[in-house]
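The structure file protein-v4.csv is reproduced below (CSV, C-alpha atoms and all ligand atoms).
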chain,number,residue,atom,x,y,z
R,1,MET,CA,20.6,-34.1,4.5
R,2,THR,CA,19.6,-35.3,7.9
R,3,GLU,CA,16.0,-35.3,9.1
R,4,GLU,CA,16.6,-32.4,11.5
R,5,GLN,CA,17.7,-30.2,8.7
R,6,PHE,CA,14.7,-31.0,6.5
R,7,GLU,CA,12.6,-27.9,5.8
R,8,TYR,CA,9.3,-27.9,4.0
R,9,SER,CA,9.4,-25.9,0.8
R,10,ASP,CA,7.2,-22.9,0.4
R,11,ASP,CA,5.0,-24.8,-2.0
R,12,ASP,CA,4.6,-27.7,0.4
R,13,ILE,CA,3.3,-25.3,3.0
R,14,VAL,CA,1.0,-23.5,0.5
R,15,ARG,CA,-0.4,-26.9,-0.5
R,16,SER,CA,-1.1,-27.8,3.1
R,17,VAL,CA,-2.8,-24.4,3.7
R,18,ARG,CA,-5.0,-25.0,0.7
R,19,GLU,CA,-5.9,-28.4,2.1
R,20,GLY,CA,-7.2,-26.7,5.2
R,21,TYR,CA,-4.2,-26.6,7.6
R,22,THR,CA,-4.5,-22.8,7.8
R,23,ARG,CA,-2.3,-22.5,10.8
R,24,ASN,CA,0.6,-23.6,8.6
R,25,PHE,CA,0.5,-20.2,7.0
R,26,GLU,CA,2.3,-19.0,10.2
R,27,ILE,CA,5.4,-20.8,8.9
R,28,LEU,CA,5.3,-18.7,5.8
R,29,ILE,CA,4.8,-15.5,7.7
R,30,ASP,CA,7.7,-16.3,10.0
R,31,ARG,CA,9.9,-17.2,7.0
R,32,TYR,CA,9.3,-14.0,5.1
R,33,LYS,CA,8.2,-11.3,7.6
R,34,LYS,CA,11.6,-9.8,8.2
R,35,LYS,CA,12.5,-9.5,4.5
R,36,ILE,CA,9.0,-8.1,3.6
R,37,VAL,CA,9.0,-5.6,6.5
R,38,ASN,CA,12.5,-4.4,5.5
R,39,PHE,CA,11.8,-4.4,1.8
R,40,ILE,CA,8.8,-2.1,2.4
R,41,HIS,CA,10.7,0.0,5.0
R,42,LYS,CA,13.5,0.7,2.5
R,43,MET,CA,10.9,1.6,-0.1
R,44,ILE,CA,8.9,4.1,2.1
R,45,SER,CA,11.2,4.9,5.1
R,46,ASP,CA,8.2,4.8,7.5
R,47,TYR,CA,8.5,2.2,10.4
R,48,ASP,CA,4.8,2.0,11.3
R,49,GLU,CA,3.5,2.0,7.7
R,50,ALA,CA,6.1,-0.7,6.8
R,51,GLN,CA,4.7,-2.9,9.6
R,52,SER,CA,1.1,-2.3,8.5
R,53,LEU,CA,1.7,-2.7,4.8
R,54,ALA,CA,3.7,-5.9,5.5
R,55,GLN,CA,0.7,-7.3,7.4
R,56,ASP,CA,-1.5,-6.3,4.5
R,57,THR,CA,0.9,-8.2,2.2
R,58,PHE,CA,0.5,-11.5,4.1
R,59,ILE,CA,-3.3,-11.1,4.3
R,60,LYS,CA,-3.5,-10.5,0.6
R,61,VAL,CA,-1.1,-13.4,-0.1
R,62,TYR,CA,-3.3,-15.7,2.1
R,63,GLN,CA,-6.4,-14.6,0.2
R,64,SER,CA,-4.6,-15.2,-3.2
R,65,ILE,CA,-3.5,-18.7,-2.3
R,66,PRO,CA,-6.3,-20.3,-4.3
R,67,LYS,CA,-5.0,-18.5,-7.4
R,68,TYR,CA,-1.3,-19.2,-6.7
R,69,GLN,CA,0.2,-21.6,-9.3
R,70,SER,CA,2.7,-23.8,-7.5
R,71,MET,CA,5.9,-23.5,-9.5
R,72,ASP,CA,8.5,-23.0,-6.8
R,73,ASN,CA,8.1,-19.3,-7.2
R,74,PHE,CA,6.4,-18.4,-4.0
R,75,GLN,CA,9.1,-15.8,-3.2
R,76,SER,CA,8.4,-13.9,-6.4
R,77,PHE,CA,4.7,-14.2,-5.7
R,78,ILE,CA,4.9,-12.7,-2.2
R,79,PHE,CA,7.3,-10.0,-3.3
R,80,THR,CA,5.0,-9.1,-6.2
R,81,VAL,CA,2.2,-8.6,-3.8
R,82,ALA,CA,4.4,-6.5,-1.4
R,83,LYS,CA,5.6,-4.4,-4.4
R,84,ASN,CA,2.0,-3.7,-5.6
R,85,ILE,CA,0.9,-2.8,-2.1
R,86,THR,CA,3.9,-0.5,-1.6
R,87,LEU,CA,3.7,1.2,-5.0
R,88,ASN,CA,0.0,1.8,-4.4
R,89,TYR,CA,0.8,3.4,-1.0
R,90,ILE,CA,3.5,5.6,-2.6
R,91,LYS,CA,1.1,6.7,-5.3
R,92,LYS,CA,-1.5,7.7,-2.6
R,93,GLN,CA,1.2,9.5,-0.6
R,94,LYS,CA,2.3,11.5,-3.6
R,95,ARG,CA,-1.2,12.7,-4.2
R,96,ILE,CA,-1.4,13.8,-0.5
R,97,GLN,CA,2.1,15.5,-0.8
R,98,PHE,CA,1.1,17.2,-3.9
R,99,PHE,CA,-1.8,18.9,-2.1
R,100,SER,CA,0.0,19.6,1.1
R,101,SER,CA,2.9,21.1,-0.8
R,102,PHE,CA,0.6,24.1,-1.5
R,103,LEU,CA,0.2,24.5,2.2
R,104,SER,CA,3.8,24.2,3.4
R,105,PRO,CA,6.2,24.3,0.5
R,106,ALA,CA,9.3,25.4,2.5
R,107,GLU,CA,9.5,22.5,4.9
R,108,GLU,CA,11.5,20.1,2.8
R,109,ASN,CA,14.1,22.7,2.0
R,110,LYS,CA,14.9,23.3,5.6
R,111,HIS,CA,15.2,19.6,6.2
R,112,PHE,CA,17.9,19.3,3.5
R,113,GLN,CA,19.8,22.2,4.7
R,114,THR,CA,20.2,20.9,8.2
R,115,LYS,CA,21.5,17.7,6.7
R,116,ASP,CA,24.2,19.6,4.7
R,117,THR,CA,25.6,21.3,7.8
R,118,GLN,CA,25.9,18.1,9.6
R,119,HIS,CA,28.4,16.6,7.1
R,120,ALA,CA,31.4,17.6,9.2
R,121,LEU,CA,30.4,15.4,12.1
R,122,MET,CA,29.2,12.3,10.5
R,123,GLU,CA,28.8,9.2,12.5
R,124,LYS,CA,27.5,5.9,11.2
R,125,LYS,CA,23.9,6.8,12.0
R,126,GLN,CA,24.1,10.1,10.2
R,127,GLN,CA,25.8,8.4,7.2
R,128,GLU,CA,22.9,6.0,7.2
R,129,GLU,CA,20.4,8.8,7.3
R,130,ILE,CA,22.1,10.5,4.3
R,131,ILE,CA,22.2,7.3,2.3
R,132,SER,CA,18.6,6.5,3.2
R,133,THR,CA,17.6,10.0,2.1
R,134,ALA,CA,19.5,9.5,-1.1
R,135,ILE,CA,17.7,6.3,-1.7
R,136,LYS,CA,14.4,7.9,-0.8
R,137,ASN,CA,15.1,10.6,-3.4
R,138,LEU,CA,15.6,8.1,-6.3
R,139,ASN,CA,12.5,7.7,-8.4
R,140,GLU,CA,10.5,4.7,-7.2
R,141,ASN,CA,11.4,2.5,-10.1
R,142,GLN,CA,15.1,3.0,-9.6
R,143,ARG,CA,14.7,2.5,-5.8
R,144,LEU,CA,12.7,-0.7,-6.3
R,145,ALA,CA,15.2,-2.2,-8.8
R,146,LEU,CA,18.1,-1.2,-6.5
R,147,ILE,CA,16.6,-2.7,-3.3
R,148,LEU,CA,15.5,-5.9,-5.1
R,149,LYS,CA,19.0,-6.3,-6.5
R,150,VAL,CA,21.4,-5.0,-3.9
R,151,TYR,CA,19.5,-5.4,-0.6
R,152,LEU,CA,17.6,-8.6,-1.4
R,153,ASP,CA,20.2,-10.0,-3.8
R,154,PHE,CA,17.7,-11.1,-6.3
R,155,SER,CA,18.7,-12.1,-9.9
R,156,TYR,CA,17.6,-10.0,-12.8
R,157,GLN,CA,15.3,-12.8,-13.7
R,158,LYS,CA,13.6,-12.8,-10.3
R,159,ILE,CA,13.3,-9.0,-10.5
R,160,GLU,CA,11.7,-9.5,-13.9
R,161,GLU,CA,9.2,-11.9,-12.4
R,162,ILE,CA,8.3,-9.5,-9.6
R,163,THR,CA,8.2,-6.3,-11.6
R,164,GLY,CA,7.3,-7.4,-15.1
R,165,TRP,CA,10.1,-5.2,-16.5
R,166,SER,CA,12.4,-6.4,-19.2
R,167,ILE,CA,15.9,-7.3,-18.2
R,168,PRO,CA,17.5,-4.4,-20.2
R,169,LYS,CA,15.2,-2.0,-18.3
R,170,ILE,CA,16.1,-3.5,-15.0
R,171,GLU,CA,19.8,-3.2,-15.7
R,172,THR,CA,19.4,0.4,-16.7
R,173,LEU,CA,17.4,1.3,-13.6
R,174,ILE,CA,19.9,-0.4,-11.3
R,175,SER,CA,22.8,1.3,-13.1
R,176,ARG,CA,21.2,4.7,-12.8
R,177,ALA,CA,20.4,4.2,-9.2
R,178,LYS,CA,24.0,3.3,-8.4
R,179,THR,CA,25.2,6.3,-10.4
R,180,ASN,CA,22.9,8.6,-8.5
R,181,LEU,CA,24.0,7.3,-5.1
R,182,LYS,CA,27.7,7.4,-6.0
R,183,THR,CA,28.0,11.1,-5.3
R,184,GLN,CA,26.5,10.7,-1.9
R,185,VAL,CA,28.6,7.7,-1.0
R,186,ASN,CA,31.7,9.5,-2.3
R,187,ILE,CA,31.2,12.3,0.1
R,188,MET,CA,30.8,10.0,3.0
R,189,THR,CA,33.9,7.9,2.3
R,190,ASN,CA,36.4,10.5,1.1
R,191,SER,CA,36.0,13.1,3.7
R,192,ASN,CA,37.6,16.0,1.9
R,193,PRO,CA,35.6,19.1,3.0
R,194,LYS,CA,36.4,21.2,-0.2
R,195,GLU,CA,34.9,18.6,-2.4
R,196,LYS,CA,31.8,18.6,-0.2
R,197,MET,CA,31.3,22.3,-0.6
R,198,GLN,CA,31.6,22.1,-4.4
R,199,GLU,CA,29.3,19.3,-5.0
R,200,LYS,CA,26.3,20.0,-2.9
R,201,PRO,CA,24.5,16.9,-4.0
R,202,SER,CA,21.3,17.4,-2.1
R,203,LYS,CA,20.5,20.4,-4.3
R,204,ASN,CA,20.6,18.1,-7.3
R,205,VAL,CA,18.4,15.7,-5.4
R,206,LEU,CA,15.9,18.5,-4.8
R,207,LYS,CA,15.9,19.6,-8.4
R,208,ARG,CA,15.2,16.0,-9.6
R,209,ARG,CA,12.5,15.7,-7.1
R,210,VAL,CA,10.7,18.8,-8.3
R,211,ALA,CA,11.1,17.9,-12.0
O,1,MET,CA,40.4,5.7,-21.5
O,2,ASN,CA,41.4,3.3,-24.2
O,3,THR,CA,39.2,1.4,-26.6
O,4,GLN,CA,39.0,-1.6,-24.4
O,5,CYS,CA,37.8,0.5,-21.5
O,6,LYS,CA,34.9,1.8,-23.7
O,7,GLU,CA,34.1,-1.8,-24.4
O,8,ILE,CA,34.2,-2.8,-20.8
O,9,THR,CA,32.6,0.1,-18.9
O,10,PRO,CA,29.0,-0.5,-20.1
O,11,TYR,CA,29.2,-4.0,-18.6
O,12,LEU,CA,30.7,-3.0,-15.2
O,13,ASN,CA,27.3,-2.7,-13.5
O,14,ARG,CA,26.1,-6.1,-14.9
O,15,TYR,CA,29.4,-7.6,-13.9
O,16,GLN,CA,29.0,-6.3,-10.4
O,17,ASP,CA,25.5,-7.7,-10.2
O,18,GLY,CA,26.8,-11.1,-11.3
O,19,GLU,CA,24.7,-10.9,-14.5
O,20,VAL,CA,27.4,-11.6,-17.2
O,21,ASP,CA,28.2,-14.9,-18.8
O,22,GLU,CA,31.4,-16.7,-18.1
O,23,ASP,CA,33.3,-15.4,-21.3
O,24,LEU,CA,32.5,-11.8,-20.6
O,25,ARG,CA,33.3,-12.2,-16.9
O,26,GLN,CA,36.8,-13.5,-17.7
O,27,LYS,CA,37.3,-10.7,-20.3
O,28,ILE,CA,36.4,-8.1,-17.7
O,29,GLN,CA,38.6,-9.6,-15.0
O,30,THR,CA,41.6,-9.6,-17.3
O,31,HIS,CA,41.0,-6.0,-18.2
O,32,LEU,CA,40.5,-4.9,-14.6
O,33,ALA,CA,43.8,-6.5,-13.6
O,34,GLN,CA,45.7,-4.1,-15.9
O,35,CYS,CA,43.4,-1.0,-15.9
O,36,PRO,CA,43.4,1.3,-12.8
O,37,ASP,CA,40.6,3.5,-14.2
O,38,CYS,CA,38.1,0.7,-14.6
O,39,THR,CA,39.2,-0.8,-11.2
O,40,LEU,CA,38.4,2.6,-9.6
O,41,GLU,CA,35.1,2.7,-11.3
O,42,LEU,CA,34.2,-0.7,-10.0
O,43,GLN,CA,35.4,0.3,-6.5
O,44,LEU,CA,33.0,3.2,-6.5
O,45,LEU,CA,30.1,0.8,-7.5
O,46,ASP,CA,31.2,-1.5,-4.7
O,47,GLN,CA,31.1,1.3,-2.2
O,48,VAL,CA,27.5,2.1,-3.2
O,49,THR,CA,26.3,-1.5,-2.9
O,50,THR,CA,28.2,-2.0,0.4
O,51,VAL,CA,26.5,1.0,1.9
O,52,VAL,CA,23.1,-0.1,0.7
O,53,LYS,CA,23.6,-3.7,1.9
O,54,ASN,CA,24.8,-2.5,5.3
O,55,LEU,CA,21.8,-0.2,6.0
O,56,SER,CA,20.5,-1.3,9.4
O,57,GLU,CA,17.5,-3.5,9.4
O,58,ILE,CA,14.3,-3.2,11.4
O,59,GLU,CA,12.5,-6.1,13.2
O,60,PRO,CA,8.9,-7.1,12.5
O,61,GLN,CA,6.7,-6.1,15.5
O,62,LEU,CA,6.7,-8.7,18.3
O,63,ASN,CA,3.1,-9.8,17.6
O,64,PHE,CA,3.4,-9.6,13.8
O,65,THR,CA,2.5,-13.2,13.0
O,66,ALA,CA,-0.3,-13.3,15.6
O,67,GLN,CA,-1.8,-10.1,14.3
O,68,VAL,CA,-1.8,-11.3,10.7
O,69,MET,CA,-3.4,-14.7,11.7
O,70,SER,CA,-6.1,-13.0,13.7
O,71,GLN,CA,-7.0,-10.6,10.8
O,72,ILE,CA,-7.1,-13.6,8.5
O,73,LYS,CA,-9.5,-15.4,10.8
O,74,GLU,CA,-11.6,-12.3,11.2
O,75,LYS,CA,-12.0,-12.0,7.4
O,76,GLU,CA,-12.7,-15.7,7.0
O,77,GLN,CA,-15.7,-15.9,9.3
O,78,PRO,CA,-18.8,-16.6,7.3
O,79,ARG,CA,-20.8,-13.7,8.8
O,80,TRP,CA,-24.0,-14.5,6.9
O,81,PHE,CA,-24.4,-17.7,9.0
O,82,ALA,CA,-23.5,-16.2,12.3
O,83,LEU,CA,-26.3,-15.4,14.8
O,84,PRO,CA,-26.6,-11.8,15.7
O,85,SER,CA,-25.8,-11.0,19.3
O,86,LEU,CA,-28.6,-11.0,21.8
O,87,PRO,CA,-29.1,-7.2,22.2
O,88,SER,CA,-29.3,-6.6,18.5
O,89,LEU,CA,-31.7,-9.5,18.2
O,90,ALA,CA,-33.9,-7.9,20.8
O,91,TYR,CA,-33.8,-4.5,19.1
O,92,SER,CA,-34.7,-6.1,15.8
O,93,ILE,CA,-37.8,-7.8,17.3
O,94,VAL,CA,-39.0,-4.6,18.9
O,95,PHE,CA,-38.5,-2.8,15.6
O,96,ILE,CA,-40.4,-5.4,13.7
O,97,VAL,CA,-43.3,-5.4,16.2
O,98,PHE,CA,-43.5,-1.6,15.9
O,99,CYS,CA,-43.6,-1.9,12.1
O,100,ILE,CA,-46.5,-4.4,12.2
O,101,LEU,CA,-48.4,-2.4,14.7
O,102,GLY,CA,-48.0,0.7,12.6
O,103,LEU,CA,-49.3,-1.0,9.5
O,104,LEU,CA,-52.3,-2.4,11.4
O,105,LEU,CA,-53.2,0.9,13.2
O,106,ASN,CA,-52.5,3.4,10.5
O,107,PRO,CA,-55.5,2.9,8.1
O,108,GLN,CA,-58.0,3.0,11.0
O,109,MET,CA,-56.5,6.2,12.4
O,110,LYS,CA,-56.5,8.1,9.2
O,111,THR,CA,-59.7,6.9,7.6
O,112,PRO,CA,-62.1,9.6,8.9
O,113,LYS,CA,-59.8,12.5,8.0
O,114,ILE,CA,-59.1,11.2,4.5
O,115,GLU,CA,-62.7,10.8,3.7
O,116,ALA,CA,-63.8,14.1,5.1
O,117,VAL,CA,-61.5,16.2,2.8
O,118,PRO,CA,-62.8,15.1,-0.6
O,119,VAL,CA,-66.4,15.3,0.5
O,120,VAL,CA,-66.1,18.8,1.8
O,121,ASN,CA,-65.2,21.3,-1.0
O,122,ALA,CA,-66.2,24.9,-0.4
O,123,ALA,CA,-66.6,25.7,-4.1
O,124,ASP,CA,-69.1,22.9,-4.6
O,125,TYR,CA,-71.3,24.2,-1.7
O,126,ALA,CA,-72.0,27.8,-2.7
O,127,ASP,CA,-75.6,27.1,-2.3
O,128,TYR,CA,-75.3,26.0,1.3
O,129,PRO,CA,-78.9,26.4,2.6
O,130,THR,CA,-80.4,24.3,-0.2
O,131,LEU,CA,-77.7,21.8,0.3
O,132,LEU,CA,-78.2,21.7,4.0
O,133,ALA,CA,-81.9,21.0,3.5
O,134,GLU,CA,-81.1,18.3,1.0
O,135,SER,CA,-78.5,16.6,3.2
O,136,GLN,CA,-80.9,16.7,6.1
O,137,GLN,CA,-83.4,15.0,3.9
O,138,LEU,CA,-80.8,12.5,2.9
O,139,ASN,CA,-80.0,11.9,6.7
O,140,LEU,CA,-76.3,12.6,6.3
O,141,ILE,CA,-74.3,12.1,9.5
O,142,GLU,CA,-73.8,15.1,11.8
O,143,ILE,CA,-70.0,15.3,11.6
O,144,GLN,CA,-70.2,16.0,7.9
O,145,ASP,CA,-72.8,18.7,8.4
O,146,LYS,CA,-70.6,20.5,10.9
O,147,THR,CA,-67.6,20.4,8.6
O,148,ILE,CA,-69.6,21.7,5.7
O,149,GLU,CA,-70.8,24.6,7.9
O,150,MET,CA,-67.3,25.5,8.9
O,151,VAL,CA,-66.0,25.6,5.4
O,152,TYR,CA,-68.9,27.5,4.2
O,153,ASN,CA,-68.4,30.2,6.9
O,154,GLY,CA,-64.7,30.5,6.1
O,155,GLU,CA,-65.5,31.2,2.4
O,156,HIS,CA,-68.3,33.7,2.8
O,157,LYS,CA,-67.3,35.8,5.8
D,301,ZN,ZN,39.7,0.2,-18.4
For the file at hand, write its structure as structure tokens.
Amino acid sequence: MTEEQFEYSDDDIVRSVREGYTRNFEILIDRYKKKIVNFIHKMISDYDEAQSLAQDTFIKVYQSIPKYQSMDNFQSFIFTVAKNITLNYIKKQKRIQFFSSFLSPAEENKHFQTKDTQHALMEKKQQEEIISTAIKNLNENQRLALILKVYLDFSYQKIEEITGWSIPKIETLISRAKTNLKTQVNIMTNSNPKEKMQEKPSKNVLKRRVA
Amino acid sequence: MNTQCKEITPYLNRYQDGEVDEDLRQKIQTHLAQCPDCTLELQLLDQVTTVVKNLSEIEPQLNFTAQVMSQIKEKEQPRWFALPSLPSLAYSIVFIVFCILGLLLNPQMKTPKIEAVPVVNAADYADYPTLLAESQQLNLIEIQDKTIEMVYNGEHK
């Protein structure tokens, strides 16, 4: 390893921040901001909120630095904070949605129907929208497990550190998430219109959501 | 689906996630090489993960880092040591001066009224003429006399 390639470890930087070199925290922000913003964005599908919750994550992490035990697990630490902030936000949103559903219950149905009719002319962007919707419709534990595993490529052990779930539970959640997405992906990749008509996966998605 | 498939299928997800030990990994690979059903099943799983991995990413806002750092600095400021700004300091002084003035002036302003009320009680002065004579004898101050007279008239009109 040459000197140029040398990078300070997360824990080195945390230590320096703790010693008073607070500006070094910028290095940690720059190192993780993209992953944190995208992790949250994939959890909540809201660009502005993802940016703001990601900022909250870094502020919370900074405030928690005195409590952080240096054990080369800063990544788990920061994602744990991001996960907590995101799940809290989802919980709050659910409460708001629950009350607003009394006011405008038909809106979501319409949304799904337009998506169905668009199947015939799917471009990459529309494919993405469908898969994002499918991910959004997973329950949040499945979504969290799937994103940590598939998008962030974390090991089950790392996911265990972040979520506190047992490894069998993590495995089950990921497996169910993949199974739930399989139908959607199938429609996108094998473009057989008859199959599409028969399966109507978004209705299942709706039922699951209601239940 | 043969018996070996039943044995392998539950591990396909873990296998794809790279979470099986070396023995099991080899066992699964050997089976996949000769089983189109399980190979198809794995392909379906691969399609799912590929799609999820290839979802487009967003960029953090341009001033993301600067915004976080400024919020951190804002929260770190020990406010209890900081001097208040000049206008608010001026307002505070004016307010305090008014409070002190109020405390100083208040008793003097209210004293005559407060004392007049308990002394003058109509029921106690039914026999006004006698009382008037007595109070004149006692040289009571004029203001009290006038008040007694007013209350008396109000009761007996
Ligand atoms: Zn098989």
d(atom CA of Gln4 of chain O, atom CA of Gln26 of chain O) in Å: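 Separation between atom CA of Gln4 of chain O and atom CA of Gln26 of chain O: 13.8 Å.
If one restricts the calculation to only C-alpha atoms and all ligand atoms, the set of residues situated within 10 Å of ligand ZN 301 (chain D) consists of Met1, Asn2, Thr3, Gln4, Cys5, Lys6, Glu7, Ile8, Thr9, Ile28, His31, Leu32, Ala33, Gln34, Cys35, Pro36, Asp37, Cys38, Thr39, Leu40 and Glu41 of chain O.
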For chain O, which residues have at least one atom within 9 Å of chain R, if we go by only C-alpha atoms? Write them as an mmCIF file with C-alpha atoms, in the frame of the given file, please.
data_model
loop_
_atom_site.group_PDB
_atom_site.id
_atom_site.type_symbol
_atom_site.label_atom_id
_atom_site.label_comp_id
_atom_site.auth_asym_id
_atom_site.auth_seq_id
_atom_site.Cartn_x
_atom_site.Cartn_y
_atom_site.Cartn_z
ATOM 1 C CA ASN O 13 27.300 -2.700 -13.500
ATOM 2 C CA ARG O 14 26.100 -6.100 -14.900
ATOM 3 C CA ASP O 17 25.500 -7.700 -10.200
ATOM 4 C CA GLY O 18 26.800 -11.100 -11.300
ATOM 5 C CA GLU O 19 24.700 -10.900 -14.500
ATOM 6 C CA LEU O 44 33.000 3.200 -6.500
ATOM 7 C CA LEU O 45 30.100 0.800 -7.500
ATOM 8 C CA GLN O 47 31.100 1.300 -2.200
ATOM 9 C CA VAL O 48 27.500 2.100 -3.200
ATOM 10 C CA THR O 49 26.300 -1.500 -2.900
ATOM 11 C CA THR O 50 28.200 -2.000 0.400
ATOM 12 C CA VAL O 51 26.500 1.000 1.900
ATOM 13 C CA VAL O 52 23.100 -0.100 0.700
ATOM 14 C CA LYS O 53 23.600 -3.700 1.900
ATOM 15 C CA ASN O 54 24.800 -2.500 5.300
ATOM 16 C CA LEU O 55 21.800 -0.200 6.000
ATOM 17 C CA SER O 56 20.500 -1.300 9.400
ATOM 18 C CA GLU O 57 17.500 -3.500 9.400
ATOM 19 C CA ILE O 58 14.300 -3.200 11.400
ATOM 20 C CA GLU O 59 12.500 -6.100 13.200
ATOM 21 C CA PRO O 60 8.900 -7.100 12.500
ATOM 22 C CA GLN O 61 6.700 -6.100 15.500
ATOM 23 C CA PHE O 64 3.400 -9.600 13.800
ATOM 24 C CA THR O 65 2.500 -13.200 13.000
ATOM 25 C CA ALA O 66 -0.300 -13.300 15.600
ATOM 26 C CA GLN O 67 -1.800 -10.100 14.300
ATOM 27 C CA VAL O 68 -1.800 -11.300 10.700
ATOM 28 C CA MET O 69 -3.400 -14.700 11.700
ATOM 29 C CA GLN O 71 -7.000 -10.600 10.800
ATOM 30 C CA ILE O 72 -7.100 -13.600 8.500
#
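The gap separating atom CA of Ile85 of chain R from atom CA of Ile167 of chain R is 22.5 Å, in Å to one decimal.
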Of the listed residues R:Met43, R:Ile78, R:Glu161, R:Ile187, that which approaches Asn141 of chain R most closely, counting all atoms listed in the file: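 Using all atoms listed in the file, the shortest distance to Asn141 of chain R belongs to R:Met43.
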Atom pair atom CA of Lys83 of chain R / atom CA of Leu144 of chain R: separation (Å):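 Rounded to one decimal, the two atoms are 8.2 Å apart.
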